[in-house]
Structure formats: structure tokens, C-alpha cells
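A.B. asks: Attaching a single structure in C-alpha cells format; questions to follow.
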Amino acid sequence: MSKPDYYFFFIDPNRCIGCQACVQACTECDTHRGDSMIHLEFIDRPESTQTVPVVCMHCEQPTCAEVCPADAIKRTGDGVVQSARKPRCIACGNCVLACPFGVPEVYEDRQIMMKCDMCYDRSSVGKKPMCATVCPSQALFYGTREELERLRPMSTPVNQFQFGNQRITTQVFMMVPRGSLVRRPLVDVTDALGEAPHARAIRLTPVDDPFAGVEV
Amino acid sequence: MATLPVDELRIIERFGPHLSSMSALRKSTSLEPERLVKTHCCFCGQQCGIQLKVRDNEVVGFEPWEEFPFNRGMLCPKGVKRYLQGAHPDRLLGAFRRDESASAGFSAMPYDAAIARVAGEIDRIQKTYGNSAFGVLSGASLTTEKTYLMGKFARVCLRTPYIDYNGRLCMVSAGAANKKAFGIDRTTNPWSDMVGTEIVWVAGSNVAECSPITTNYLWQAREQGARIIVQDPRITPIARTCDLYLPVRPGRDAALFAGVLNLMIENGWIDRQFIETSTVGFEAVVEYCRQWNPGRTADVTGVPESSIRRAAEWWGTAKSSFLFHARGIEHHSNGVQNSLGTINLVLASGRLGKPKSGYGTITGQANGQGGREHGQKCDQLPGWRDISNPEHRRHIAGIWGIEEKDLPGPGVDAYEIFRKIDAGEIKGLLSICFNPRVSLPDNAFIERALEKLEFYVAIDFFLNDTARHADIVLPGSLQEEDEGTVTQVEGRVIKINRAIDPPGEAKQDWRIIQDIARAIGRPHGFTFESPRAIFEELCRASKGGVADYSGITYEKLEANYGVFWPCYSADPRTGQPTEHAGTPRLFEPGSYNVVARGAGPFYFPDGKARFNVAEYRTPVDDVSEEYPIFLTTGRVVSQFLSGTQTRRIGPLVKQYPEPKVEMHPRLAARLGIANGDWTTVSTRRGEMTVRAMVVTTIRPDTVFIPYHWAGPKSANQLTVAAQDPISKIPQYKVCGCQVRKAAAEPEYESQREPQQ
């Protein structure tokens, strides 16, 4: 079985409410009960309620696999980057250091790297990953491109990321507000009390055509 | 005799709260569940559909239920981890009696002996002091069947007027306002109507943390073009990206609504035709609002004039809209006026009874809606009937097979029950689904009152913080151990299904109540064999009332993913039997109801809605020179109410272990407090020390403490027991306080685990 090629995974940090339903649900997944393969980032809690769920982005050329000295990290034919394979992984942590998104984690007690595999036990049989199923704000969304276009007209999916000289294309998409629809997020109550606002908005620049390189 | 039997730390050591762990079955990655049970979450009023994985009479996990239309598989962290309340080390597996000689203060006793003792004490107290000397406290997390039974038990078996419920501290001000304005108390539209509306005003609701599933509806409405207005002293996660944020000063909501309505009137942004044909009382409201010019409104509310003007223009000129409110405007001694203020905005706009326009109050507890409809409220009888109305009394007395004269009259609200205990008028108490030692304001008073009781029996599945004062504790059931119905936030009645049986000598709550009735020697009316039998009587009792459930059956609920009440068994126009599908949307033009009888869509004899002057009053114990900072309280996403359940679930406690006090860096700097510092907050009632959380997302004149914890960590040590004069809801959301850097870390830090 493999993940149907018409389903995609999208992350929209604008929708995230920081509730951690995704993280809690991940620990209920049948293949790794008790451990979460994903986490929630508080961007800067003293100054904002902005949070971002961090799941594996499933890179086309996974850096974690490229740096693995034991060749333990495999990407399946449907583009899902798997946890390290048990007989091969030497728990060296190279992947942890190399991943630009901060996803893999070495479990010292088990001497293995485990990471988000898009709930392969679910997604490979046509079900949604656990986190995207439960997410109450649908900041994590799993569905078809047609559904996405119908449901999310205010933002556009992006799957190319620039880290220094490294450009990465991922199977998971990040939703970016369309130009005219960017809302300046509120970070300080005093801004809304009629005082001079702080300039804290971050400009996002999509690096390329969002669906370049995606075969449908 | 209800002082604590032994030192509280020894009770905690034995009875918790301890944290649940993931047992072998629950951690197994290979064991298949025997079955999946489709039911709903046990926590908030959203009542998300969920499937529980069951094996060996234990809930071992969950599976999303994507077909249930309200949440389509979505859950918050509480829903995900709710199953960990089962098979818990703290679970009461039998009855207990207070025993000062026992190391933990309580000794196990046989269930039957405990029931006999309870019946004996009820009999003794009522024979000595009269029937009214015994009181009952119930709750809105119970199924509607149980809430119906509790109301009947108090009136028919105990013959006492003194029953009330914890919905009193939840949203009664919204209920009272709905009654005054619409003649019915229910959200007007299904949530799916929200998508496609032009504007959504969220007044005093931390949707992201208190009703997380509603977030996706809000975001989906926004994707389709809706603008979102959020009114809150804190930038909650939904306020972060809203289109207009109104940073209202705590306790000033009615002034804000009056100011906005005044601008709408001045600019002609009102629906004159609707006001003329479908409402009464507008002129008095116009007259009242005139004093709320934008400048004065801004001065009082702390919201800039430009934002008030923008809110009025956006709301006034929209073609479709939703307005939601929750505890943020309801938990006030002015709660009914605040709620009426929102309703006036809605009525003036004329946007009601339409597919993309509506109004609602977001219910807090699992059965916040159903629990306030069928008679556990002190002034109410089943079917949302009035206990002071002779016709209503005769109808219910007939259903219950008693003389109308034997039915007690109205009682008093839950807080007043404690005042009566304090005054020596009420000597005995039975409580279920209520933890007032944590949840009522100024809870040092509650503790003193508990100590005056001659006899107190608590029914619960864990020894909650209040039950530590009990003489007898009876082992009740978890939500997943019984079946029944609840009514969720939209007014949709849904079916709760039993996944497992209660362990040990624990019993389904309705059986315990019936066992007590039998032991007292008044079993008449308490011989139900199943929740279904209770539901069938409830449906008959509700027939002809505003909350008419008579056309609902368990089968109909399961087949349709729930049914919106009113749902008639007989056509109200003709009296002929009918197959009614329920009422998803209220107040549609031409709709018929039992009160207006065709005169109009609202539930008054003339069919018209009521404007009410929604007057601003300064909060009781407002900020002063001595107590210069606003204190407000509320929830966090990973905890629920008084924490009896969620403070026992390991992963939820880990997410937010202990209460903190949120404050703005500007205030923190002035007080010399840094993030993480131990900080003492004091009010006229008491003081507590918690760590500071310094964030820019709160007004600089306000601090916030979540209320889910007990004892020295309870925010309700500080809150004021001021109540709304109409609804009797307490003013949890505002009082004056002092804040200072603590001299030392609090004693609890070394004595108690975070959840204790």
C-alpha cells in the first residue's frame, strides 16, 4: 500500500491556536504510543500567542538521509520519509543536527532515530494522519488540492524553502497569506489601545512557483 | 462535623489527584481493541463525536469519528486524552465514610450500608429541622436524564425546594437574557451557518482554549470573507489575527455595547422594519444609549474611539452576521445586562432567523444546554417550565403522580444554598458533579460553610476537593460508563453511549439516587430500569413546554447525528401526531411556536422579541486606590473546570502544570517582577502566590489567573462572591487586586505535586 498521490499535507501557522491536540494525538498513534513524533513551537510567547506545529516536511531530497552514515533513512516511493530502520540506525544523531526543520529525534533508550512518517500506517491505507484529523483549527490539513483551493482562498501553498545556499523542496506545504490578504498580527495589547504600534510584522517571500516540482 | 477528618496532604496522598499513566494495554502497539464505541467527549459543551477503543472493560484509546458532522474527527487535547480518566489509581471503587482514625481520613464501607446511613441521616435531619433543611447540588456535566432525575429527586423524594446546579456559575446570565429577549434559551443556528456570513463578533470568549472546535468554523467563515471582531482584555489565539480587536477593560462590556448601538442608531445602521414589526421596547433602549457617545464609551471601556466607531460601522452595515458570547461577558454581577447588550445589537440589526445570521452563547459544560432545561435549576421544572407557574406545576405534578400542593416552590441559587448552610437553615447536603470548594468565588467562605453541615454526602468517581469534607462518599460513574443524552452548544440533542461498566462497587449515578430514594422509603417515581426509561418520562414531561423533547427517541438521535429541539411528537398547530425532524434554526419568518401560536417567530404571546435596556453598572469591588489592578480569571486549553478529571490526566497536566499569573511587561517592570518570578496576588478575600508569566498579550492594567486548581493554588480564593441580581451568576471576571513580588516561594511548592 502507498499514500494516495492526490492527498497532500498542508500547514497553516496563521490558523494555529497552540492547543497541542496534534502533539497529544501523535502520542496515541499505534506505531509509537506514548511518544510524539511532532512538536509545537512557541515562536516568542512573551510577545505573541503565535505557535507553529512542526511535523516532518518530507523533503524530496531528505537532508537527514543524505547525512546518514548508516543509510538507515529511506524515502518510500510515495515520497514519505520514514523513521530510521532498526538494524541500520546507529543513533549517531547526524540527522538531528542536519535537518533544517528540526524534526528527527534520537531516542537514547531505544538507540534509534524516530520521526514523523505522516502516520504511514494510516496514510498508506487512505486515512488521514492523526494530527491533521484532530487539529481543531485545521492548521494541519490533509486533503486534495481541489479541496484546498475551495476551502483556503486566502492563502497559497508553498513547498520550497531557502536555507543559506540550500534550496529544499518538500512534499508538505506551508500556507502563506496571499499578498493583499496579509493581516498584521496583533502581538501587544497596547497596540490596540491607540498607542504607537510596534513594527514586528515579518515579510514572507515565497521563493518559487508553489506547485513546481509536484506531480499530480 | 464536616471539617477535614485529617490533614489534607494525607487525604491527597491516598486519594489524589495523582497522574494517570499509560498502562500496558494502553501502550501496546499490537493489541487490537475489541470494539469501537461511538460517543462524545465528556468535557465541554462542544460535545465532539469520538470513538472509544475498548478492550477488557477498559477504554484503551480513541479513534477520530469523522462522520459526526459537528467536529468531523477534530478534537482538542482534552478530548484526545480524556480516556485516561478511566482505570485510574484514584478511582473510587466503593463507598467511603469519614474516619478520623484512618490515616487518609476515610474508611471503605459496604455500599448498602453507606446508602442506609445516607437515608438515615436525611430522615433524621428532615424530621428534626423540616424538609427544607436538606439541600441538593447537582451539575451540568451530567446527562439530561440524570439532571431530570436530580430535579425530581429533590422535589418528589426529599420534598425540598433547595436544589441548584453548577450551571449557576457557568452561563445563567446568558440564559436569563435569552429568556427576557427571546422567550427561549438556545443558540439560534447550527454552527455550519457561520460559514458564508459577513461578520462574526466574538464577545468575551477565548474560543481557542475553551471551545477549540469552534475555531475551524471561525477560520472557515473568514476564508469565505467574514471579518472577525474579538472583544477581550487579552489577545487570545483567535484575537491574534482578527480584523478588529476591542481590548475592553474588565467589567465594561455593557458600556461598549451601548456605545456601539448608539452609533448605529445615529447613523441609521439599523433595520427599522424588523424593529417595528418583530420587536418591542426599542425606544427605551434608544433613550438609554444616547448618553453613550463615543468619547464617553472610550473613556469607560478603554477601547479607542476609532475602534468603537469601526465596530459600529462594520456591524451596522453588514448584510449577514453572527454574534457569540461566553463567560467573558457573562461572569459578571452585570452579566444579564452584558448579555442583553449583545442581544440589542443583534435585534437592532434585524439579522436573526436567517441561514447566515444568528446569535449564540457558547456553552461551557458538556450539558451546559440540556442541563439548564429540565428542572435541576432552583426555579425550574422540566421542559424549561417555571416552578412558580400554576399551570406548569399542575402539568409536572401530573406526570410525577403527586398533588400540585406537594410540589415545593422555588429554591435559591447554589451560592445562596451555602449562605443558608452558613446561617444554619440547611443542615444536610447531597452533591453530585459539583466541586464548589474550587469553583465558587471566595471559596474560604465555602469551606467555612461546609464545616457547619451536620451531614454531607458526595457522589463522585474521584474524591474531589469538596468531597474531602463529606461524611459519606458514594462511588459514581464516569461518562463512558453510562448512556444517555446531552444537548450541545448548537441545541442539538445527542446520544452518549456506554463503552464499559463501572468498576468495583461503583454505580451509575441514577441507580445511586434511586437506591437512596428506596432506602428513605419513598421509591415512588424512582424505579426506572434504564436511562432510556428516564428519557421517555422526560420527553413526556417536556411535551408542550418551550424545550419540547417529546418527538425525540434514542433511535432518532443515532440515525440523524442528533436532533435540534424543540422536537414535537404532536403538531403544535393541530395537536395531531407528527414525525417532526427538530428545529435546527430558530426564529425563521413564519415559524410556529407553542407560546406565540402563530403570532410571530419569537416565544412571547405577541410573537415579538424584546429589547431590554442593558444598563452599565460599575463592577462590585472594582479597582481602587488600595486594589489598583484588575484581576480576571478563566481557563487554559489542557484543563477543564475544577480539574477533578483533568488534573488526574498525566499528559494534560504536563502541558500546563500549575497556575501562573499573566501580566504585561509594562506592569511587570513597574512592579519589579520578571518572567517566572514568584508573585503574590491579593484581594479583599485572600492572597495566593504563583509564578509570573510576562506577556504582551494582556492589558497592562489587568492580570489573569486560570482557575482549575485547588487549595493554595485556587484562583477563587481571590474572586468576589458578588452576584448578578437577576441570574445570580458570580462575578468571576473582575475585581480589584494588588500584585507584588513574593517574599519567598509558597509552601505548596515543596509539599504538593503540580496538580495537587
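Order determines the names: the first chain of the C-alpha cells is A, the second B, and so forth; residues in each chain are numbered 1 upward, and ligands are numbered 1 upward as they are shown.
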Please provide as a short mmCIF file (atom, residue, chain, number, x, y, z; two decimals) with N, CA and C atoms, in the first residue's frame all residues within 7 Å of region 256-263 of chain B, with the sequence filter that same-chain residues fewer than 3 positions apart are discarded (counting only C-alpha atoms).
C.D. replies:
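Output saved as out_1.cif:
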data_model
loop_
_atom_site.label_atom_id
_atom_site.label_comp_id
_atom_site.auth_asym_id
_atom_site.auth_seq_id
_atom_site.Cartn_x
_atom_site.Cartn_y
_atom_site.Cartn_z
N ARG B 252 -16.58 46.20 31.63
CA ARG B 252 -17.16 47.38 30.97
C ARG B 252 -17.94 47.02 29.71
N ASP B 253 -18.34 45.76 29.59
CA ASP B 253 -18.92 45.30 28.33
C ASP B 253 -20.23 46.00 27.98
N GLU B 266 -27.47 56.52 15.48
CA GLU B 266 -27.18 57.84 14.91
C GLU B 266 -26.96 57.79 13.41
N ASN B 267 -26.34 56.71 12.96
CA ASN B 267 -26.00 56.61 11.54
C ASN B 267 -27.06 55.88 10.71
N CYS B 289 -29.17 54.60 25.40
CA CYS B 289 -27.88 54.61 24.69
C CYS B 289 -27.38 56.02 24.38
N ARG B 290 -28.32 56.98 24.35
CA ARG B 290 -27.96 58.35 23.96
C ARG B 290 -26.79 58.89 24.79
N TRP B 292 -24.29 57.35 25.76
CA TRP B 292 -23.03 56.65 25.48
C TRP B 292 -22.43 57.14 24.16
N ASN B 293 -22.03 58.42 24.17
CA ASN B 293 -21.35 58.93 22.97
C ASN B 293 -19.97 58.29 22.88
N PRO B 294 -19.34 58.31 21.71
CA PRO B 294 -18.08 57.57 21.54
C PRO B 294 -17.00 57.97 22.53
N THR B 297 -17.82 56.42 25.89
CA THR B 297 -17.68 54.96 25.79
C THR B 297 -16.20 54.57 25.82
N THR B 301 -14.64 52.20 28.68
CA THR B 301 -14.29 50.83 28.28
C THR B 301 -12.81 50.60 28.04
N ILE B 308 -14.22 51.74 18.35
CA ILE B 308 -15.67 51.69 18.63
C ILE B 308 -16.44 52.09 17.38
N ALA B 311 -16.23 49.29 14.81
CA ALA B 311 -17.10 48.16 15.18
C ALA B 311 -18.54 48.48 14.82
N ALA B 312 -18.98 49.71 15.13
CA ALA B 312 -20.36 50.09 14.85
C ALA B 312 -20.63 50.08 13.34
N GLY B 341 -27.03 43.42 26.23
CA GLY B 341 -26.36 44.39 25.36
C GLY B 341 -26.03 43.78 24.00
N THR B 342 -25.55 42.53 24.03
CA THR B 342 -25.24 41.88 22.74
C THR B 342 -26.52 41.62 21.97
N LEU B 345 -27.75 44.55 20.08
CA LEU B 345 -27.02 44.77 18.82
C LEU B 345 -27.59 43.87 17.71
#
A.B. asks: Where does chain B meet chain A within 6 Å, residue by residue, with the nearest atom pair and distance in Å to one decimal for each, counting only C-alpha atoms, listed by chain and rising number, as a Markdown table?
C.D. replies:
| residue | atom | partner | partner_atom | distance |
| --- | --- | --- | --- | --- |
| B:Lys27 | CA | A:Arg33 | CA | 5.4 |
| B:Thr29 | CA | A:Asp30 | CA | 5.1 |
| B:Gly73 | CA | A:Val134 | CA | 5.7 |
| B:Met74 | CA | A:Val134 | CA | 3.7 |
| B:Leu75 | CA | A:Val134 | CA | 4.8 |
| B:Cys76 | CA | A:Ala21 | CA | 4.9 |
| B:Pro77 | CA | A:Ala21 | CA | 4.1 |
| B:Val80 | CA | A:Ala25 | CA | 5.9 |
| B:Ala208 | CA | A:Ile17 | CA | 5.9 |
| B:Pro212 | CA | A:Pro136 | CA | 5.8 |
| B:Ile213 | CA | A:Pro136 | CA | 4.8 |
| B:Thr215 | CA | A:Ser137 | CA | 5.2 |
| B:Asn216 | CA | A:Ser137 | CA | 4.4 |
| B:Glu223 | CA | A:Arg152 | CA | 5.9 |
| B:Pro237 | CA | A:Ile17 | CA | 5.2 |
| B:Arg240 | CA | A:Leu186 | CA | 4.8 |
| B:Thr241 | CA | A:Pro185 | CA | 5.0 |
| B:Pro304 | CA | A:Gly194 | CA | 5.8 |
| B:Val695 | CA | A:Pro46 | CA | 4.2 |
| B:Thr696 | CA | A:Asp188 | CA | 4.7 |
| B:Thr697 | CA | A:Asp188 | CA | 5.3 |
| B:Ile698 | CA | A:Val189 | CA | 5.8 |
| B:Arg699 | CA | A:Val189 | CA | 5.7 |
A.B. asks: What's the 7 Å shell around Glu41 (chain A), counting only C-alpha atoms, without same-chain residues fewer than 5 positions away, as a PyMOL selection string?
C.D. replies: chain A and resi 51-54
A.B. asks: Could the residues in this selection be written to a file with N, CA and C atoms, as a short mmCIF file (atom, residue, chain, number, x, y, z; two decimals), in the first residue's frame?
C.D. replies:
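Result saved to again35.cif:
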data_model
loop_
_atom_site.label_atom_id
_atom_site.label_comp_id
_atom_site.auth_asym_id
_atom_site.auth_seq_id
_atom_site.Cartn_x
_atom_site.Cartn_y
_atom_site.Cartn_z
N THR A 51 1.99 30.27 17.46
CA THR A 51 2.59 28.95 17.61
C THR A 51 2.62 28.28 16.24
N VAL A 52 3.48 27.30 16.09
CA VAL A 52 3.53 26.54 14.83
C VAL A 52 3.73 25.06 15.13
N PRO A 53 2.87 24.21 14.59
CA PRO A 53 3.10 22.78 14.74
C PRO A 53 4.23 22.36 13.79
N VAL A 54 5.14 21.55 14.30
CA VAL A 54 6.26 21.11 13.46
C VAL A 54 6.13 19.61 13.20
#
A.B. asks: Which residues are near region 600-603 of chain B? Cut-off 8 Å, only C-alpha atoms, ignore same chain within fewer than 2 positions. Put them as a PyMOL selection string.
C.D. replies: chain B and resi 182-184+278+586-598+605-609
A.B. asks: Check chain A with DSSP on the backbone and list each residue it calls alpha helix (DSSP H), as a ChimeraX atom specification.
C.D. replies: /A:21-26,63-66,94-98,120-123,130-134,145-151,189-192
A.B. asks: Within 9 Å of region 188-201 of chain B, counting only C-alpha atoms, which residues show up once you throw out same-chain ones fewer than 5 positions away? Write them as an MDAnalysis selection string, please.
C.D. replies: chainID B and resid 70 214 217:231 314:315 318:325 352:360 489:492 564 584:587
A.B. asks: Applying 12 Å and only C-alpha atoms, which residues near Ile402 (chain B) remain after dropping the ones on its own chain fewer than 3 positions away? List them as a ChimeraX atom specification.
C.D. replies: /B:152,155-157,159,393-399,405-408,524-525
A.B. asks: Report as a ChimeraX atom specification: the residues of region 31-172 of chain A with a DSSP assignment of strand (DSSP E), based on the backbone of this structure.
C.D. replies: /A:39-42,51-54,105-107,112-114,140-143,155-163,166-172
